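Next comes input_37.cif, with mmCIF, C-alpha atoms (C1' of nucleotides).
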```cif
data_structure
#
loop_
_atom_site.label_atom_id
_atom_site.label_comp_id
_atom_site.auth_asym_id
_atom_site.auth_seq_id
_atom_site.Cartn_x
_atom_site.Cartn_y
_atom_site.Cartn_z
CA MET A 255 -42.80 257.88 210.07
CA THR A 256 -41.68 259.37 206.82
CA THR A 257 -37.99 259.47 207.53
CA ARG A 258 -35.88 256.52 206.54
CA PHE A 259 -32.48 255.75 207.95
CA ASP A 260 -29.54 253.70 206.82
CA ALA A 261 -29.06 252.42 210.34
CA CYS A 262 -30.80 252.59 213.69
CA MET A 263 -28.94 251.56 216.81
CA SER A 264 -29.85 251.15 220.44
CA ALA A 265 -28.67 253.65 223.03
CA PRO A 266 -29.14 254.02 226.79
CA PHE A 267 -31.62 256.85 226.23
CA GLY A 268 -33.43 255.37 223.25
CA ARG A 269 -32.29 255.01 219.68
CA LEU A 270 -29.98 256.73 217.24
CA GLY A 271 -31.11 256.96 213.63
CA ILE A 272 -28.38 257.42 211.04
CA ARG A 273 -28.78 258.66 207.50
CA VAL A 274 -26.02 258.39 204.92
CA ALA A 275 -25.77 259.80 201.40
CA ASP A 276 -22.91 259.48 198.95
CA GLY A 277 -20.60 258.05 201.55
CA HIS A 278 -21.21 260.90 203.98
CA VAL A 279 -23.21 261.13 207.17
CA VAL A 280 -25.90 263.69 206.54
CA ARG A 281 -28.12 263.28 209.57
CA ILE A 282 -28.42 261.66 212.97
CA GLU A 283 -31.56 261.80 215.05
CA TYR A 284 -32.54 261.04 218.61
CA LEU A 285 -35.36 258.54 218.60
CA PRO A 286 -37.53 257.28 221.45
CA PRO A 287 -37.03 253.81 222.93
CA GLY A 288 -38.92 251.09 221.18
CA ASP A 289 -38.27 252.39 217.70
CA GLU A 290 -37.40 249.79 215.13
CA LEU A 291 -33.75 248.78 214.95
CA LEU A 292 -32.00 248.61 211.62
CA ALA A 293 -28.69 247.00 210.79
CA PRO A 294 -26.19 249.27 209.00
CA ARG A 295 -26.66 249.13 205.23
CA ASP A 296 -23.18 250.22 204.21
CA ALA A 297 -19.64 250.73 205.44
CA VAL A 298 -20.14 254.35 206.48
CA SER A 299 -23.23 253.54 208.51
CA ARG A 300 -21.42 250.68 210.15
CA GLU A 301 -18.44 252.83 211.03
CA THR A 302 -20.75 255.54 212.37
CA CYS A 303 -22.49 253.04 214.62
CA ARG A 304 -19.14 251.79 215.83
CA GLN A 305 -17.90 255.24 216.79
CA LEU A 306 -21.22 256.20 218.36
CA ALA A 307 -21.15 253.04 220.44
CA ARG A 308 -17.60 253.85 221.49
CA TYR A 309 -18.66 257.34 222.54
CA LEU A 310 -21.60 255.96 224.50
CA ASP A 311 -19.10 253.80 226.34
CA ASP A 312 -16.41 256.45 226.73
CA PRO A 313 -17.41 260.13 226.62
CA GLN A 314 -13.82 261.10 225.81
CA ALA A 315 -13.88 259.22 222.53
CA THR A 316 -13.59 261.42 219.49
CA PHE A 317 -15.34 261.16 216.14
CA ASP A 318 -13.66 260.81 212.80
CA LEU A 319 -16.40 260.53 210.22
CA PRO A 320 -17.07 261.92 206.76
CA LEU A 321 -19.74 264.52 207.38
CA ARG A 322 -21.66 266.54 204.88
CA PRO A 323 -23.03 269.58 206.63
CA GLY A 324 -25.79 271.38 204.84
CA GLY A 325 -26.99 274.80 205.79
CA SER A 326 -25.53 278.27 205.64
CA PRO A 327 -21.87 279.18 206.15
CA PHE A 328 -22.80 280.78 209.44
CA ARG A 329 -24.27 277.56 210.77
CA GLN A 330 -21.31 275.55 209.58
CA ARG A 331 -19.06 277.91 211.47
CA VAL A 332 -21.13 277.41 214.61
CA TRP A 333 -21.03 273.64 214.23
CA GLU A 334 -17.30 273.65 213.70
CA ALA A 335 -16.88 275.70 216.85
CA LEU A 336 -19.02 273.15 218.69
CA THR A 337 -16.75 270.29 217.71
CA ARG A 338 -13.87 272.11 219.38
CA ILE A 339 -15.54 272.03 222.79
CA PRO A 340 -13.79 269.35 224.87
CA ALA A 341 -15.94 266.62 226.40
CA GLY A 342 -17.05 267.49 229.90
CA GLU A 343 -17.05 271.23 229.27
CA VAL A 344 -19.97 273.45 228.53
CA LEU A 345 -20.35 276.94 227.13
CA THR A 346 -23.26 279.32 227.26
CA TYR A 347 -24.89 280.52 224.08
CA GLY A 348 -23.62 283.99 224.89
CA GLU A 349 -19.99 282.89 225.24
CA LEU A 350 -20.01 280.88 222.07
CA ALA A 351 -21.64 283.80 220.32
CA GLN A 352 -18.88 286.08 221.55
CA GLN A 353 -16.24 283.83 220.02
CA LEU A 354 -18.05 283.98 216.72
CA GLY A 355 -18.68 287.70 216.86
CA THR A 356 -22.43 287.43 217.10
CA VAL A 357 -25.14 287.14 219.75
CA ALA A 358 -26.83 284.29 221.53
CA ARG A 359 -30.06 283.91 219.61
CA PRO A 360 -28.69 282.99 216.19
CA VAL A 361 -26.36 280.54 217.92
CA GLY A 362 -29.38 278.90 219.48
CA GLY A 363 -30.93 278.76 216.05
CA ALA A 364 -27.87 277.05 214.62
CA CYS A 365 -27.82 274.55 217.46
CA GLY A 366 -31.44 273.75 216.88
CA ALA A 367 -30.67 273.17 213.22
CA ASN A 368 -27.75 270.87 213.98
CA PRO A 369 -28.36 267.80 211.83
CA ILE A 370 -25.68 265.56 213.32
CA PRO A 371 -25.82 265.19 217.08
CA PRO A 372 -23.96 264.10 219.13
CA VAL A 373 -21.05 264.21 216.67
CA VAL A 374 -21.65 267.94 216.65
CA PRO A 375 -22.12 268.36 220.41
CA CYS A 376 -24.90 270.90 220.61
CA HIS A 377 -25.70 269.46 224.03
CA ARG A 378 -22.57 271.13 225.42
CA VAL A 379 -24.13 274.51 224.91
CA ILE A 380 -26.53 275.62 227.61
CA SER A 381 -28.28 278.82 228.52
CA ALA A 382 -26.80 281.33 230.96
CA SER A 383 -29.46 280.46 233.52
CA GLY A 384 -29.51 276.69 233.67
CA LEU A 385 -29.89 273.98 231.12
CA GLY A 386 -31.92 276.15 228.83
CA GLY A 387 -34.60 274.97 226.51
CA PHE A 388 -34.81 272.42 223.82
CA MET A 389 -37.15 272.80 220.89
CA GLY A 390 -39.32 275.21 222.78
CA ARG A 391 -39.66 273.04 225.84
CA THR A 392 -37.81 272.17 228.99
CA ASP A 393 -38.97 268.58 229.03
CA GLY A 394 -39.65 265.79 226.60
CA HIS A 395 -37.47 263.04 225.28
CA PRO A 396 -34.85 265.17 223.48
CA MET A 397 -34.36 267.07 226.72
CA GLN A 398 -33.78 263.81 228.58
CA VAL A 399 -31.19 262.89 226.00
CA LYS A 400 -29.39 266.18 226.50
CA GLN A 401 -29.39 265.63 230.24
CA TRP A 402 -28.13 262.08 229.86
CA LEU A 403 -25.29 263.18 227.61
CA LEU A 404 -24.17 265.88 230.02
CA ALA A 405 -24.27 263.46 232.94
CA HIS A 406 -22.41 260.97 230.81
CA GLU A 407 -19.59 263.46 230.37
CA GLY A 408 -19.51 264.25 234.06
CA VAL A 409 -21.05 267.71 233.87
CA ALA A 410 -22.73 268.71 237.11
CA LEU A 411 -26.08 270.37 236.70
"C1'" DA B 55 -37.64 293.32 200.76
"C1'" DT B 56 -40.41 292.37 204.71
"C1'" DC B 57 -41.99 289.50 208.73
"C1'" DA B 58 -42.16 286.18 212.33
"C1'" DG B 59 -39.78 283.14 215.18
"C1'" DG B 60 -35.75 280.91 217.44
"C1'" DT B 61 -32.27 275.75 222.60
"C1'" DC B 62 -30.94 283.81 224.47
"C1'" DT B 63 -29.73 287.62 227.77
"C1'" DC B 64 -29.97 291.39 230.74
"C1'" DA B 65 -32.24 294.96 233.16
"C1'" DA B 66 -36.30 296.62 235.42
"C1'" DG B 67 -40.71 296.17 238.12
"C1'" DC C 273 -40.90 285.72 239.70
"C1'" DT C 274 -42.77 288.12 235.31
"C1'" DT C 275 -42.13 291.53 231.64
"C1'" DG C 276 -39.96 294.01 228.00
"C1'" DA C 277 -36.57 295.31 224.83
"C1'" DG C 278 -32.26 294.19 222.40
"C1'" DA C 279 -29.56 291.62 219.26
"C1'" DC C 280 -28.69 288.59 214.81
"C1'" DC C 281 -29.75 284.74 211.45
"C1'" DT C 282 -32.98 281.80 208.76
"C1'" DG C 283 -36.93 280.45 206.17
"C1'" DA C 284 -41.27 281.72 204.42
"C1'" DT C 285 -44.28 285.34 202.19
#
```

Represent the supplied structure as structure tokens.
Amino acid sequence: MTTRFDACMSAPFGRLGIRVADGHVVRIEYLPPGDELLAPRDAVSRETCRQLARYLDDPQATFDLPLRPGGSPFRQRVWEALTRIPAGEVLTYGELAQQLGTVARPVGGACGANPIPPVVPCHRVISASGLGGFMGRTDGHPMQVKQWLLAHEGVAL
DNA sequence: ATCAGGTCTCAAG
DNA sequence: CTTGAGACCTGAT
């Protein structure tokens, strides 16, 4: 694997890889079980792990981390809107798009480009006809993670 | 500037 | 259920 992380922690659905730069979280990735664990290399990574662990234990826990979102202003607006969705609630791409004055497809694009899940809860956005897709597929490990997270927050499928 | 593709959606066959 | 067209943003050409 070419990607390096500043921490990699265990989770019920696999692993969470954390990347930090200049004291800001710049990326979190869902990794499959069995991936190599890595102790946090700095204070921000350690704090991120702590809050992630707390969320994995209690879905109502909120995040308070220094994030550095890349991407276009549009995507940042989408991500900010995502963070305002309460735990246990879900919106459709269409509804979220309506709030932002756009349509569903670009919202899906922004969700797919979300670099910091589950701090930015892209998993709380589903399609109008079911769970929707995930990276072009309706199965695979990322999809299982999405399902786990929704179940974790008490969302009935 | 143009083109293809994306975690979509709705209507029609 | 499958198909087709619509709508908007991003990244590559």

Resolved residues for the PyMOL selection byres ((chain A) within 7 of (chain C)) as an mmCIF file with C-alpha atoms, keeping the file's coordinate frame:
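That gives us expr19.cif:
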```
data_model
loop_
_atom_site.group_PDB
_atom_site.id
_atom_site.type_symbol
_atom_site.label_atom_id
_atom_site.label_comp_id
_atom_site.auth_asym_id
_atom_site.auth_seq_id
_atom_site.Cartn_x
_atom_site.Cartn_y
_atom_site.Cartn_z
ATOM 1 C CA THR A 356 -22.430 287.430 217.100
ATOM 2 C CA VAL A 357 -25.140 287.140 219.750
ATOM 3 C CA ARG A 359 -30.060 283.910 219.610
ATOM 4 C CA PRO A 360 -28.690 282.990 216.190
#
```

| message | If the PyMOL selection byres ((chain B) within 8 of (chain A)) were run on this exact file, what residues would it hold? Put them as a ChimeraX atom specification. | response | /B:60-63

| task | Using the chain letters and numbering of this document, enumerate as a list in words the residues selected by the PyMOL selection byres ((chain A and resi 282) around 10). | result |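 This file gives the following for the PyMOL selection byres ((chain A and resi 282) around 10): Phe259, Ala261, Cys262, Leu270, Gly271, Ile272, Arg273, Val274, Val279, Val280, Arg281, Glu283, Tyr284, Leu285, Thr302, Asn368, Pro369, Ile370, Pro371, Pro372, Val373 and Val374 of chain A.
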
| field | One-decimal distance in Å that lies between atom CA of Gln401 of chain A and atom CA of Arg338 of chain A | value |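 Those two atoms sit 20.0 Å apart.
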
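Computed from the coordinates, the atom CA of Pro266 of chain A to atom CA of Gln398 of chain A distance equals 11.0 Å.
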
Around segment 307-316 of chain A, fit a box with edges along x, y and z, padding it by 3 Å on each side, then list its centre and edge lengths in Å to one decimal as lines of an AutoDock Vina configuration file.
```
center_x = -17.6
center_y = 257.2
center_z = 223.1
size_x = 14.0
size_y = 14.4
size_z = 13.2
```

| d(atom CA of Tyr309 of chain A, atom CA of Pro375 of chain A) in Å | 11.7 Å

| field | Shell of 8 Å around Ile339 of chain A, only C-alpha atoms (C1' of nucleotides), local chain residues under 3 positions omitted, as a PyMOL selection string | value | chain A and resi 335-336+343-344+375+378

Preceding selection exported with C-alpha atoms as a compact mmCIF listing (two decimals), in the frame of the given file:
```
# COMPACT_ATOMS: atom_id res chain seq x y z
CA ALA A 335 -16.88 275.70 216.85
CA LEU A 336 -19.02 273.15 218.69
CA GLU A 343 -17.05 271.23 229.27
CA VAL A 344 -19.97 273.45 228.53
CA PRO A 375 -22.12 268.36 220.41
CA ARG A 378 -22.57 271.13 225.42
```
